[in-house]
Amino acid sequence: MNIPYRFKLNTSSFAYYWTEGLGKELLNKQGRTPDIDQANQFIPLLYQWDNKADEIIQDLYAKIGILAANKSLFNYIDEQPLASDESTVWNNFFKDIDLNPDWLDWNKIQKGSELCRRPGLTSLIVLRDYCLMGGYESAAINKPLIYTGALKKGAVKRLVDTVEFWVQITKENGLEKGSEGLKQVFLTRMIHAYSRVHILQKSDWDTEKWGVPINSWDMLATNLGFSLVFMVGLHRMGIQVSPEEKEGVFHFWKYIGYLLGIPLELLPDNEEEAIEALYYWTMTQREGDADTQLLASALKEEPVMAHYPTNPLMRKMMREIHLFYNHYLLGEYSCRLLGLPSTTIGRFGIINVWRTKKQEMKIGNEANRQKAILDGGNEQENVRQIYQKYNR
């Protein structure tokens with residue numbers, strides 16, 4: 001079996017996470033540490049990818065352009081008339097995608113989306129300052145960002161796209177047929193494929209070294225970042241996730257992962273399976289490199305480079321507050337590896353943690369829980385609108 005350069009036993013960032021960081025509690029829940037030798041079975045996934053989506057890029061996007069093809073995708077989902085050749089392409093793609101498979105439970109989907117919304121701004125803080133920033137600790141999974149020019153485009157655009165994706169899919173009924181959330185899921189799948197095809201055709205990407213760009217194994221890791229890692233971050237911020245909400249989140253992201261083209265058998269049904277998968281992926285990641293720190297620095301400076309708040313001093317203050325959350329959620333060890341400086345003024349961010357914990361004490365009352373879901377969703381929608389208004 002060919003073992004790529006990227007696949008090695010991690011001895012720094014992620015190893016620390018499982019022995020001294022928040023991952024230690026996850027392993028305590030498991031009652032055991034997974035056998036790292038079992039991770040070798042996943043090496044072939046580094047060379048497995050979403051071939052069906054790549055065919056769309058060749059058959060449609062390369063012919064009519066990305067903007068026209070995206071519009072064609074949205075029109076197809078909206079069941080609008082299309083040119084016969086476009087309709088044929090999309091029919092071939094969607095014929096094997098069941099939007100309502102037998103295993104899907106819409107009640108669990110609802111519970112999962114509600115948990116994503118009810119922490120409001122805290123959810124977005126965890127996604128940005130824990131899940132996204134922490135993901136930069138892997139050199140390999142982020143290489144496609146470098147090859148597609150993410151540094152030149154800036155972290156602002158990535159945040160705009162991520163917030164749009166998150167808010168639309170987590171809205172009430174956000175994944176129903178014809179919804180904006182469903183469009184965002186398939187748009188993201190096409191963006192992944194377009195990036196992969198572009199990298200392989202237009203760059204000096206080394207598949208032997210890094211695997212295929214945006215491969216199935218890395219896609220699973222991203223899915224775990226939005227589910228398991230997200231809930232770990234919420235817990236650190238004071239959110240108490242109920243068993244029903246936890247089950248709902250895993251089901252929610254299982255469905256999204258399936259729609260994004262991740263093999264169904266890889267997607268976890270519960271926390272135990274998710275912890276094991278995260279352990280195998282993280283513990284076989286090569287440590288961060290120079291690109292890691294460049295991406296982390298770009299995300300650190302995103303608040304300053306954005307156009308909101310309109311006052312430059314307030315944007316610098318936002319940078320410091322996000323730095324506080326980086327240190328609070330990731331820990332000093334990871335922040336040092338990422339090249340993230342400490343902050344003094346940003347410590348005001350602890351006020352939101354106190355506020356979150358205080359609000360969480362009221363969640364036992366169902367009326368208060370429903371109010372938190374409504375208010376939290378509105379907070380997230382407000383952030384989405386701000387990003388769209390000031391950073392498009």
# chains A, B, ... in the order shown; residues from 1 in each chain; ligands from 1

$ closest_atom_pairs --of "range 123-238 of chain A" --to "range 39-61 of chain A" --cutoff "10 Å" --atoms "only C-alpha atoms" --output "CSV"
residue,atom,partner,partner_atom,distance
A:Phe186,CA,A:Ala53,CA,9.5
A:Arg189,CA,A:Ala53,CA,7.1
A:Met190,CA,A:Ala53,CA,6.3
A:Ile191,CA,A:Ile57,CA,9.3
A:His192,CA,A:Ala53,CA,8.5
A:Ala193,CA,A:Asp54,CA,5.2
A:Tyr194,CA,A:Ile57,CA,6.0
A:Ser195,CA,A:Asp54,CA,9.5
A:Arg196,CA,A:Asp54,CA,7.9
A:Val197,CA,A:Asp54,CA,6.7
A:His198,CA,A:Ile57,CA,9.6
A:Thr207,CA,A:Tyr47,CA,8.2
A:Glu208,CA,A:Tyr47,CA,9.2
A:Trp210,CA,A:Leu46,CA,8.0
A:Gly211,CA,A:Leu46,CA,5.0
A:Val212,CA,A:Tyr47,CA,5.2
A:Pro213,CA,A:Trp49,CA,8.2
A:Ile214,CA,A:Trp49,CA,7.1
A:Asn215,CA,A:Trp49,CA,4.7
A:Ser216,CA,A:Trp49,CA,5.4
A:Trp217,CA,A:Leu45,CA,5.2
A:Asp218,CA,A:Leu46,CA,7.5
A:Met219,CA,A:Trp49,CA,9.1
A:Leu220,CA,A:Leu45,CA,9.9

$ residues_around --residues "Tyr76 in chain A" --least-positions-apart "4" --cutoff "10 Å" --atoms "only C-alpha atoms" --output "PyMOL selection string"
chain A and resi 70-72+80-82+86-87+90-91+178+183

$ residues_around --residues "Trp106 in chain A" --least-positions-apart "3" --cutoff "10 Å" --atoms "only C-alpha atoms" --output "list in words"
Asn100, Trp103, Ile109, Gln110, Lys111, Gly112, Asn173, Leu175, Glu176, Gly248, His251 and Phe252 of chain A

$ residues_around --residues "range 265-274 of chain A" --least-positions-apart "5" --cutoff "10 Å" --atoms "only C-alpha atoms" --output "PyMOL selection string"
chain A and resi 26-27+29-30+216-217+220-221+223-224+227-229+246-258+279

$ residues_around --residues "range 368-376 of chain A" --least-positions-apart "4" --cutoff "9 Å" --atoms "only C-alpha atoms" --output "JSON, numbers by chain"
{"A": [114, 115, 116, 117, 118, 119, 120, 121, 122, 123, 359, 360, 362, 363, 364, 380, 381]}

$ write_last_selection --atoms "all heavy atoms" --output "CSV table (one decimal), in the first residue's frame"
chain,number,residue,atom,x,y,z
A,114,GLU,N,-32.0,22.9,15.4
A,114,GLU,CA,-32.3,23.8,16.5
A,114,GLU,C,-31.1,24.0,17.4
A,114,GLU,O,-30.9,25.1,17.9
A,114,GLU,CB,-33.5,23.2,17.3
A,114,GLU,CG,-34.8,23.3,16.6
A,114,GLU,CD,-36.0,22.6,17.4
A,114,GLU,OE1,-35.7,21.9,18.4
A,114,GLU,OE2,-37.1,22.8,17.0
A,115,LEU,N,-30.4,22.9,17.7
A,115,LEU,CA,-29.2,23.1,18.5
A,115,LEU,C,-28.2,24.0,17.8
A,115,LEU,O,-27.5,24.8,18.5
A,115,LEU,CB,-28.6,21.7,18.8
A,115,LEU,CG,-27.4,21.6,19.8
A,115,LEU,CD1,-26.0,21.8,19.1
A,115,LEU,CD2,-27.5,22.6,21.0
A,116,CYS,N,-28.1,23.9,16.5
A,116,CYS,CA,-27.1,24.8,15.8
A,116,CYS,C,-27.5,26.3,15.9
A,116,CYS,O,-26.7,27.2,16.0
A,116,CYS,CB,-27.1,24.4,14.3
A,116,CYS,SG,-26.3,22.8,14.0
A,117,ARG,N,-28.8,26.5,16.0
A,117,ARG,CA,-29.3,27.9,16.1
A,117,ARG,C,-29.3,28.5,17.5
A,117,ARG,O,-29.1,29.7,17.7
A,117,ARG,CB,-30.7,28.0,15.5
A,117,ARG,CG,-30.8,27.7,14.0
A,117,ARG,CD,-32.2,28.2,13.4
A,117,ARG,NE,-33.3,27.7,14.0
A,117,ARG,CZ,-33.9,26.6,13.8
A,117,ARG,NH1,-33.4,25.8,12.9
A,117,ARG,NH2,-35.1,26.2,14.4
A,118,ARG,N,-29.8,27.7,18.5
A,118,ARG,CA,-30.1,28.3,19.7
A,118,ARG,C,-29.0,29.0,20.5
A,118,ARG,O,-29.2,30.0,21.2
A,118,ARG,CB,-30.8,27.3,20.7
A,118,ARG,CG,-30.0,26.2,21.3
A,118,ARG,CD,-30.9,25.5,22.4
A,118,ARG,NE,-30.2,24.4,23.0
A,118,ARG,CZ,-29.4,24.5,24.1
A,118,ARG,NH1,-29.2,25.7,24.6
A,118,ARG,NH2,-28.9,23.5,24.6
A,119,PRO,N,-27.7,28.7,20.3
A,119,PRO,CA,-26.6,29.5,20.9
A,119,PRO,C,-26.4,30.8,20.3
A,119,PRO,O,-25.6,31.6,20.8
A,119,PRO,CB,-25.4,28.6,20.8
A,119,PRO,CG,-25.9,27.2,20.6
A,119,PRO,CD,-27.1,27.4,19.8
A,120,GLY,N,-27.0,31.1,19.1
A,120,GLY,CA,-26.9,32.3,18.4
A,120,GLY,C,-25.5,32.7,18.0
A,120,GLY,O,-24.8,31.9,17.4
A,121,LEU,N,-25.0,33.8,18.5
A,121,LEU,CA,-23.6,34.2,18.1
A,121,LEU,C,-22.6,33.3,18.6
A,121,LEU,O,-21.5,33.1,18.0
A,121,LEU,CB,-23.3,35.6,18.7
A,121,LEU,CG,-24.1,36.8,18.1
A,121,LEU,CD1,-23.8,38.1,18.8
A,121,LEU,CD2,-23.9,36.9,16.6
A,122,THR,N,-22.8,32.6,19.7
A,122,THR,CA,-21.9,31.7,20.3
A,122,THR,C,-21.6,30.5,19.3
A,122,THR,O,-20.4,30.1,19.2
A,122,THR,CB,-22.4,31.1,21.6
A,122,THR,OG1,-22.5,32.2,22.6
A,122,THR,CG2,-21.5,30.0,22.2
A,123,SER,N,-22.6,30.1,18.5
A,123,SER,CA,-22.4,29.1,17.5
A,123,SER,C,-21.4,29.5,16.5
A,123,SER,O,-20.4,28.8,16.1
A,123,SER,CB,-23.7,28.7,16.8
A,123,SER,OG,-24.5,27.9,17.6
A,359,GLN,N,-27.8,32.2,30.5
A,359,GLN,CA,-28.9,31.8,29.7
A,359,GLN,C,-29.2,30.3,29.7
A,359,GLN,O,-30.4,29.9,29.7
A,359,GLN,CB,-28.7,32.3,28.3
A,359,GLN,CG,-28.8,33.8,28.1
A,359,GLN,CD,-28.5,34.3,26.7
A,359,GLN,OE1,-27.9,33.6,25.9
A,359,GLN,NE2,-29.0,35.5,26.4
A,360,GLU,N,-28.1,29.6,29.7
A,360,GLU,CA,-28.3,28.1,29.6
A,360,GLU,C,-29.0,27.5,30.9
A,360,GLU,O,-29.6,26.5,30.8
A,360,GLU,CB,-26.9,27.5,29.5
A,360,GLU,CG,-26.8,26.2,28.9
A,360,GLU,CD,-27.3,26.1,27.5
A,360,GLU,OE1,-27.7,27.1,26.8
A,360,GLU,OE2,-27.5,24.9,27.0
A,362,LYS,N,-31.6,28.5,32.0
A,362,LYS,CA,-33.1,28.7,31.8
A,362,LYS,C,-33.6,27.7,30.7
A,362,LYS,O,-34.8,27.6,30.5
A,362,LYS,CB,-33.4,30.1,31.3
A,362,LYS,CG,-33.0,31.2,32.3
A,362,LYS,CD,-33.3,32.5,31.7
A,362,LYS,CE,-32.7,33.7,32.6
A,362,LYS,NZ,-33.0,35.0,32.0
A,363,ILE,N,-32.7,27.0,30.1
A,363,ILE,CA,-33.1,26.2,28.9
A,363,ILE,C,-34.0,25.0,29.3
A,363,ILE,O,-34.7,24.4,28.5
A,363,ILE,CB,-31.8,25.7,28.2
A,363,ILE,CG1,-31.1,26.8,27.6
A,363,ILE,CG2,-32.2,24.6,27.1
A,363,ILE,CD1,-31.9,27.6,26.5
A,364,GLY,N,-33.9,24.6,30.6
A,364,GLY,CA,-34.8,23.5,31.0
A,364,GLY,C,-36.2,23.7,30.8
A,364,GLY,O,-37.1,22.8,30.7
A,380,GLN,N,-28.1,34.9,14.1
A,380,GLN,CA,-27.2,34.4,13.1
A,380,GLN,C,-27.6,35.0,11.7
A,380,GLN,O,-26.8,35.3,10.9
A,380,GLN,CB,-27.3,32.9,13.1
A,380,GLN,CG,-26.7,32.2,14.3
A,380,GLN,CD,-26.7,30.7,14.3
A,380,GLN,OE1,-27.0,30.1,13.3
A,380,GLN,NE2,-26.5,30.1,15.4
A,381,GLU,N,-28.9,35.1,11.5
A,381,GLU,CA,-29.4,35.7,10.2
A,381,GLU,C,-28.9,37.2,10.1
A,381,GLU,O,-28.6,37.6,9.0
A,381,GLU,CB,-30.9,35.6,10.2
A,381,GLU,CG,-31.6,36.4,9.1
A,381,GLU,CD,-31.2,36.0,7.7
A,381,GLU,OE1,-30.7,34.8,7.5
A,381,GLU,OE2,-31.4,36.7,6.7

$ residues_around --residues "range 138-154 of chain A" --least-positions-apart "3" --cutoff "7 Å" --atoms "only C-alpha atoms" --output "PyMOL selection string"
chain A and resi 6+135+157+195+199+210+213+218+285-289+292+295+298

$ closest_residue --among "A:Leu9, A:Met231, A:Asp291, A:Phe74" --to "Gln184 in chain A" --atoms "only C-alpha atoms"
A:Phe74

$ closest_residue --among "A:Ile345, A:Val304, A:Leu323, A:Ile36" --to "Thr282 in chain A" --atoms "only C-alpha atoms"
A:Ile36

$ atom_distance --atom1 "CA of Gly174 in chain A" --atom2 "CA of Tyr136 in chain A"
28.6 Å

$ atom_distance --atom1 "CA of Ala296 in chain A" --atom2 "CA of Thr222 in chain A"
16.8 Å

$ select_by_dssp --residues "range 41-130 of chain A" --states "alpha helix (DSSP H)" --output "PyMOL selection string"
chain A and resi 51-56+62-64+66-77+84-94+106-117+121-126

$ atom_distance --atom1 "CA of Gly238 in chain A" --atom2 "CA of Val353 in chain A"
6.7 Å
